Amino acid sequence: MVEWIHPGLLFVFGAVPIPFLRGPARQAWLIGIPLLAIADVASMTPGNYGAFDFAGVELLIGKVDKLSLVFAWVFTIMSLIGSVYALHVKGPEQHVAAYLYMGSALGVVFAGDWFTLLVSWEIMAFASAYLIFAAGGKAAIAAGFRYLMVHVTGGVLLFGGIVLLGLETGSFLIGPLAGEGGLAFVLILVAFIINAAVPPLNAWLTDAYPEATVTGAVFLSAFTTKTAVYVLIRTFPGTEALVWLGAMMAIYGVVYAVLENDCRRLLAYHIVSQVGYMVVGVGIGTEMALNGTASHAFAHIIYKGLLFMGAGAVIHMTGRHKLTELGGLYRTMPLTVALYMVGAFAISAFPFFSGFVSKSMVIAAAAGDNRAAVTLMLTLASSGTFLHTGLKLPYYMFFGKDCGLRPKEPPRNMLAAMGIAAVLCIGIGLFPGPLYALLPHPVDFEPYTGAHVTGSLGILFFTLLGFVVYLKALDPEPTISLDTDWFYRRGARAFMWFAEKPVAVWEGALSGISDSVILRYLHASARGGLRVDLNVVDAIVNGVARSVLSSGSLVRRLQTGVVTHYAAAMIGGVLAAIAVYSVAWGG
Amino acid sequence: MIGRVVNFFGDAAHAKARRRLLWATLVVVLAADFLVNRDHGDFFWDFIPGWAAAFGFVSCIAIIFASKLLGKQGRVMRDEDYYG
Amino acid sequence: MTDIPILSLIVFLPAAGAGVLLFMRDDRTVRRTALAFAVVDFALTIPLMAAFDTTTYAMQFTETVPWVPSLGITYSLGVDGISLLFIFLTALLGWICVVASWEAIDTKVKEFMISLLVMQSLMLGVFSAMDLFLFYVFWEAMLIPMYLIIGVWGGKERVYAAFKFFLYTLAGSLLFLVGIVVLYFQGGETFDIVTLMKGDYSFTVQAWVFLAFLVAFAVKVPMVPLHTWLPDAHVQAPTAGSIVLAGVLLKMGAYGFLRFSLPMLPDASHYFATLIQVLSVVSIIYGGFLALAQEDVKKLVAYSSVSHMGFVTLGLFTFNAKGVEGAVLQMFNHGITTGALFLFVGLIYERTQTRIIADYGGLMKIVPVYGVLLCVFTLSSIAVPGTNAFVGELLVLAGAFGANKAIGAVAVAGAVLSAAYMLGFYRQVALGPAVAMGGRGMWDINAREMAGILPLVVFVFWVGLYPKPFIDILHVSVEHLLAQTMGR
């Protein structure tokens, strides 16, 4: 049999039949492919597969080691969960886009060389943009367009960086980047942190994710940022700047999330915050830190997916997404509430949930590396996490002031998907062993110590106390928050003004010069040249035309129209020039 | 069964019971913090019982305060159709 | 291959077709005959490609017949790796133009097809000429049918645009002629290109000739600031005119650099390289900004051509193999992609009678096939991996970074700009709510139009996914060119 099957190709080729399948056949296919992919990942052994030569460059599409495997595992599991969640979607376009998206994400994970990575990266951008466009409506299309522009720009930067890197090192195989501070280093790093949504380059995520379709957002939350984390681990481990960017990110996301009214935008800011933990881990670069990052990514994909699924279910059943317009839904959607809360507990790092065994590893790594400030910042962010994802959002969405709606539970497939995710969240929390076994480095961390447990519980419950005491201050308001996208949303207008006014006016002037100055001069010289032998040439042309060609009004035009004069001037000019220069240069 | 648990947290009827549960949990958690093993610690605060609780409470206040400041005084919160 | 003068055949077949057309009466036969000649001509280039030897840089399929021996003028044709691609491109776009004009041109159809075929012959002649005088004759003569195509069958301001086009190019060409004559005398009174390449000219001679050539070629490419004729010409020209203008004519300017400035005037080329690089980068950015500001779709594509050709001239003057190969490949790619874009613009203009971008909308919903295919060419224009332009741009950037990092960085910025205006264009035109458009409304692509589009799609992906055959054709000739340019 074949040595190794790229799971990404399973999705890319698996996307092709989707538009041609209907009903139960399509649903079976949508579940079958992810299952196949999981089986594929399960049966893989580490090694390098799929090396080949393209136009003189050596490519490697299958770099299988512990790091790529742990991400491949969670991506394929998430592909199953997301597909189950989206089973009810009728049109094939979103499914095809989601498959291309997931396939290319796996392409990035297994990429052994920069070109495979770049191609997969670009496909991810376009496929995921579709999931935003698919929501329809002016806001979604505008947001999708901004998303695409940001990602294409990132892609171009990545492209430039790769070319430069290839020139400098002579090789295109992926590995940790040396040459800290060189142009290639910076270009590639910026491209990666755009996708990781590191502030100030984070606005695309919080702008676009809430506009995507209900099922699309679930996929979006999982793949783009986590592939960015993966490549950061692969190529920039130990980069000091990332430690501070990550810590800042964690708090940034938390602070903005508190202000949010749109439930999915709140969760989107939360992605920024959680990815901050992962970025810190990459920056610290010790074995425990990288383990922490990988395990946190693993757990995060699943519980973030669960949270988006829960919020998406509410939007699906009520049509509303603003916290000011929701509330009191617990009466008719208890299952959704419970499943959402599992995700919320997981993300908050409650003991016995997945976040506890993963997030604490990152914080412990920071502590172990003697970084007091970073540890405190991350712990602060943990408090904030629980505050808005575990308390504010569910309170105002499910409890709190009754909005009057009595929506039923979402369709069974959505509940089933949430159920699978919830089981995983609890399962990993109770039995972290299998996850730890997948991590790239040997794990020397024991999450369930007394101090860890009481410490976590202390932070969480006393945050709850704060929430209860200051409940009024957290009431949602029907506002939006300005983020760094202000610069290109407002800035775009300034940019366009520049293109339309100064540049275009200059162009017009330039164009006009030709008319006013040059043409007049040419007119004069043409008239001069034409005076010389116009009659002779014209007569010849007339005679020739009359005798040889007798059809076509075109020829008549040639005889008497403007063209003759220029042709004459031309021929005259040639003859004159040859005469002049043969004399001047003496032959 | 899930429904009943959810209702416990939702219905106004159980408000008093919820309050009592909250205080009980807070006390238990705080007490537990004093009882655990504190041999290993990276920083000075790892050896202080009740630190996590205090930090959690203060963090929560700080975040609420900071974000409100940013939103109102920092003029980050704007009307919904600001870009429209 | 036997002694069939295949190049002469390829070059003069369309003109022969034009001659045949003179005797025809009704439009239907005219169109079909024109198409037949164009397709046969294209078919003839296929064995040319197949029989081409990619291992030598020497001119192949040469035909040499003395023409005016006393003046050293010979009728000399030949191809090498560089010109072969352009002959193929010209022949391909030739019949596509005939197909594109099928319904668009409905007055004086015979005269139009005659002009098109004559121009086809002349363009093919430009790329195969191995004698500088012959080259010049083809180069100049080409202006006339193009002038007619724009001036007779063009839009409202057609006479002004044709006039401007003609005068700009003519002015440049006269300087070109001066340079040619100088080379003739300096090179031993011969016009033979290969001989002239071997000549060793003093730096002063080289510099002046280079500058003369520069003006001529810079007008044609076009390079900023000599580009202002292009937007007007494109807007006023009929669809076929735009396709051939963007697809082939622009390449001639760059071809001039390749064939003459670099190998014959190497010292001057090195001396002025930075100037050209700077002008190229200015073209990239300036063209990009202007494209962003356009309301008329043809002007948008016109300015995008200025920007893209900036990449080409940049690559040519990097003096390394990657840059030059990338530049030549980009010329081919640009011909395909921009030719296709003008084809699409022509399609929508024929139906809706408007070129204003704001008047379009929601095309994906109304005409999905058109929308999807337009998407393919939009992506190609942005150089998304998998498309032809990606490979070309990759090579050019590799060359540019190799030469000068700052210039490479600015070129990268230009790539972002091109994404901005193309995606913005696509979003306005294809996405969003369907808009009721004027004219006769919008209907989807029919079989005839599809026949013209398909080969272009094929090449977008062929070059994008498997560029090896194309790079192989170029490689040895480019290496030799660089040896000529560097070895002095």
# chains A, B, ... in the order shown; residues from 1 in each chain; ligands from 1
>>> residues_around(residues="segment 36-43 of chain B", least_positions_apart="3", cutoff="9 Å", atoms="only C-alpha atoms", output="list in words")
Ala364, Ala367, Gly368, Asn370, Ala372, Thr449, Gly450, Ala451 and Thr454 of chain A; Ala32, Asp33, Asp46, Phe47, Ile48 and Pro49 of chain B
>>> write_last_selection(atoms="N, CA and C atoms", output="CSV table (one decimal), in the first residue's frame")
chain,number,residue,atom,x,y,z
A,364,ALA,N,3.1,27.5,34.6
A,364,ALA,CA,4.2,26.9,35.4
A,364,ALA,C,5.5,27.1,34.6
A,367,ALA,N,6.7,30.5,35.3
A,367,ALA,CA,7.2,30.6,36.6
A,367,ALA,C,8.6,29.9,36.7
A,368,GLY,N,8.7,28.7,36.1
A,368,GLY,CA,9.9,28.0,36.1
A,368,GLY,C,11.1,28.7,35.5
A,370,ASN,N,11.5,31.8,35.8
A,370,ASN,CA,11.7,32.9,36.6
A,370,ASN,C,11.2,34.2,36.1
A,372,ALA,N,8.5,36.6,36.8
A,372,ALA,CA,7.4,36.9,37.7
A,372,ALA,C,6.3,37.7,37.1
A,449,THR,N,-1.7,18.8,41.8
A,449,THR,CA,-1.1,18.9,43.2
A,449,THR,C,-2.1,19.8,44.0
A,450,GLY,N,-2.1,19.6,45.2
A,450,GLY,CA,-3.0,20.3,46.1
A,450,GLY,C,-2.9,21.8,45.9
A,451,ALA,N,-1.7,22.3,45.8
A,451,ALA,CA,-1.6,23.8,45.7
A,451,ALA,C,-2.2,24.3,44.4
A,454,THR,N,-6.1,24.2,44.7
A,454,THR,CA,-6.7,25.2,45.5
A,454,THR,C,-6.4,26.6,44.9
B,32,ALA,N,-9.3,25.4,52.3
B,32,ALA,CA,-8.5,24.4,51.6
B,32,ALA,C,-7.1,24.9,51.3
B,33,ASP,N,-7.1,26.2,50.9
B,33,ASP,CA,-5.8,26.8,50.6
B,33,ASP,C,-4.9,26.8,51.7
B,46,ASP,N,3.9,32.0,46.3
B,46,ASP,CA,3.5,30.7,46.2
B,46,ASP,C,3.4,30.1,47.6
B,47,PHE,N,4.0,30.8,48.6
B,47,PHE,CA,4.0,30.2,49.9
B,47,PHE,C,3.0,30.9,50.8
B,48,ILE,N,2.2,31.8,50.3
B,48,ILE,CA,1.2,32.5,51.1
B,48,ILE,C,-0.2,31.9,50.8
B,49,PRO,N,-0.8,31.3,51.8
B,49,PRO,CA,-2.1,30.8,51.6
B,49,PRO,C,-3.1,31.9,51.4
>>> residues_around(residues="Arg78 of chain B", least_positions_apart="6", cutoff="9 Å", atoms="only C-alpha atoms", output="list in words")
Pro478, Thr479, Ile480, Ser481 and Leu482 of chain A; Gly71 and Lys72 of chain B
>>> write_last_selection(atoms="N, CA and C atoms", output="CSV table (one decimal), in the first residue's frame")
chain,number,residue,atom,x,y,z
A,478,PRO,N,-25.3,48.6,24.1
A,478,PRO,CA,-25.3,48.4,22.6
A,478,PRO,C,-24.3,49.3,21.9
A,479,THR,N,-23.0,48.9,22.1
A,479,THR,CA,-22.0,49.7,21.5
A,479,THR,C,-21.0,48.8,20.7
A,480,ILE,N,-20.1,49.4,20.0
A,480,ILE,CA,-19.0,48.6,19.4
A,480,ILE,C,-17.7,49.2,20.0
A,481,SER,N,-16.6,48.5,20.0
A,481,SER,CA,-15.4,49.0,20.5
A,481,SER,C,-14.4,49.2,19.3
A,482,LEU,N,-13.7,50.3,19.4
A,482,LEU,CA,-12.7,50.6,18.3
A,482,LEU,C,-11.5,49.8,18.6
B,71,GLY,N,-13.0,52.0,27.9
B,71,GLY,CA,-14.1,52.2,27.1
B,71,GLY,C,-14.7,53.6,27.1
B,72,LYS,N,-14.8,54.1,28.3
B,72,LYS,CA,-15.4,55.4,28.5
B,72,LYS,C,-14.4,56.6,28.3
>>> interface_residues(of="chain B", to="chain A", cutoff="8 Å", atoms="only C-alpha atoms", output="ChimeraX atom specification")
/B:2-3,6-7,10,25-26,29-30,32-33,36-38,42-43,50-61,63-64,66-68,71,76-80,83
>>> select_by_dssp(residues="chain B", states="helix (DSSP H, G or I)", output="ChimeraX atom specification")
/B:2-10,12-35,44-47,51-72
>>> closest_residue(among="C:Leu13, C:Leu454, C:Leu196, C:Val181", to="chain A", atoms="only C-alpha atoms")
C:Val181
>>> atom_distance(atom1="atom CA of Ala16 of chain C", atom2="atom CA of Tyr255 of chain C")
25.9 Å
>>> select_by_dssp(residues="segment 34-196 of chain A", states="strand (DSSP E or B)", output="PyMOL selection string")
chain A and resi 47-54+57-64+113+173
>>> closest_residue(among="A:Ala28, A:Leu59, A:Ala297, A:Ala504", to="chain C", atoms="only C-alpha atoms")
A:Ala504
>>> closest_atom_pairs(of="chain C", to="chain A", cutoff="8 Å", atoms="only C-alpha atoms", output="CSV")
residue,atom,partner,partner_atom,distance
C:Leu22,CA,A:Ser551,CA,7.3
C:Phe23,CA,A:Ser551,CA,7.9
C:Glu111,CA,A:Leu554,CA,6.5
C:Ile144,CA,A:Val563,CA,7.9
C:Leu167,CA,A:Leu519,CA,7.7
C:Leu177,CA,A:Val574,CA,7.9
C:Val178,CA,A:Ala577,CA,7.4
C:Val181,CA,A:Ile578,CA,7.2
C:Val182,CA,A:Tyr581,CA,8.0
C:Phe185,CA,A:Gly587,CA,6.8
C:Glu189,CA,A:Gly587,CA,7.9
C:Pro225,CA,A:Leu510,CA,7.6
C:Thr228,CA,A:Ser511,CA,5.2
C:Trp229,CA,A:Ser511,CA,7.6
C:Tyr286,CA,A:Val503,CA,7.9
C:Phe289,CA,A:Ala499,CA,5.4
C:Leu290,CA,A:Ala499,CA,6.1
C:Leu292,CA,A:Ala499,CA,6.6
C:Ala293,CA,A:Glu500,CA,4.9
C:Gln294,CA,A:Glu500,CA,7.8
C:Val384,CA,A:Glu122,CA,7.4
C:Pro385,CA,A:Val119,CA,5.6
C:Gly386,CA,A:Val119,CA,7.6
C:Leu394,CA,A:Val163,CA,7.3
C:Leu397,CA,A:Val163,CA,7.1
C:Ala398,CA,A:Val163,CA,5.7
C:Phe401,CA,A:Leu164,CA,6.5
C:Gly402,CA,A:Leu167,CA,7.1
C:Ala409,CA,A:Gly160,CA,7.6
C:Val412,CA,A:Gly160,CA,6.4
C:Ala415,CA,A:Val156,CA,7.0
C:Val416,CA,A:Thr153,CA,5.6
C:Ala419,CA,A:Val152,CA,7.2
C:Ala420,CA,A:Met149,CA,6.7
C:Leu423,CA,A:Met149,CA,7.9
C:Gly424,CA,A:Phe145,CA,8.0
C:Arg427,CA,A:Phe145,CA,7.5
C:Leu431,CA,A:Ile141,CA,7.9
C:Gly432,CA,A:Ile141,CA,7.1
C:Pro467,CA,A:Ala55,CA,7.1
C:Lys468,CA,A:Ala55,CA,5.8
>>> residues_around(residues="Ile81 of chain A", least_positions_apart="2", cutoff="9 Å", atoms="only C-alpha atoms", output="list of chain:residue names")
A:Ile31, A:Pro34, A:Thr76, A:Ile77, A:Met78, A:Ser79, A:Ser83, A:Val84, A:Tyr85, A:Ala86, A:Ile302, A:Gly305, A:Ala416, A:Ala417, A:Met418, A:Ile420, A:Ala421
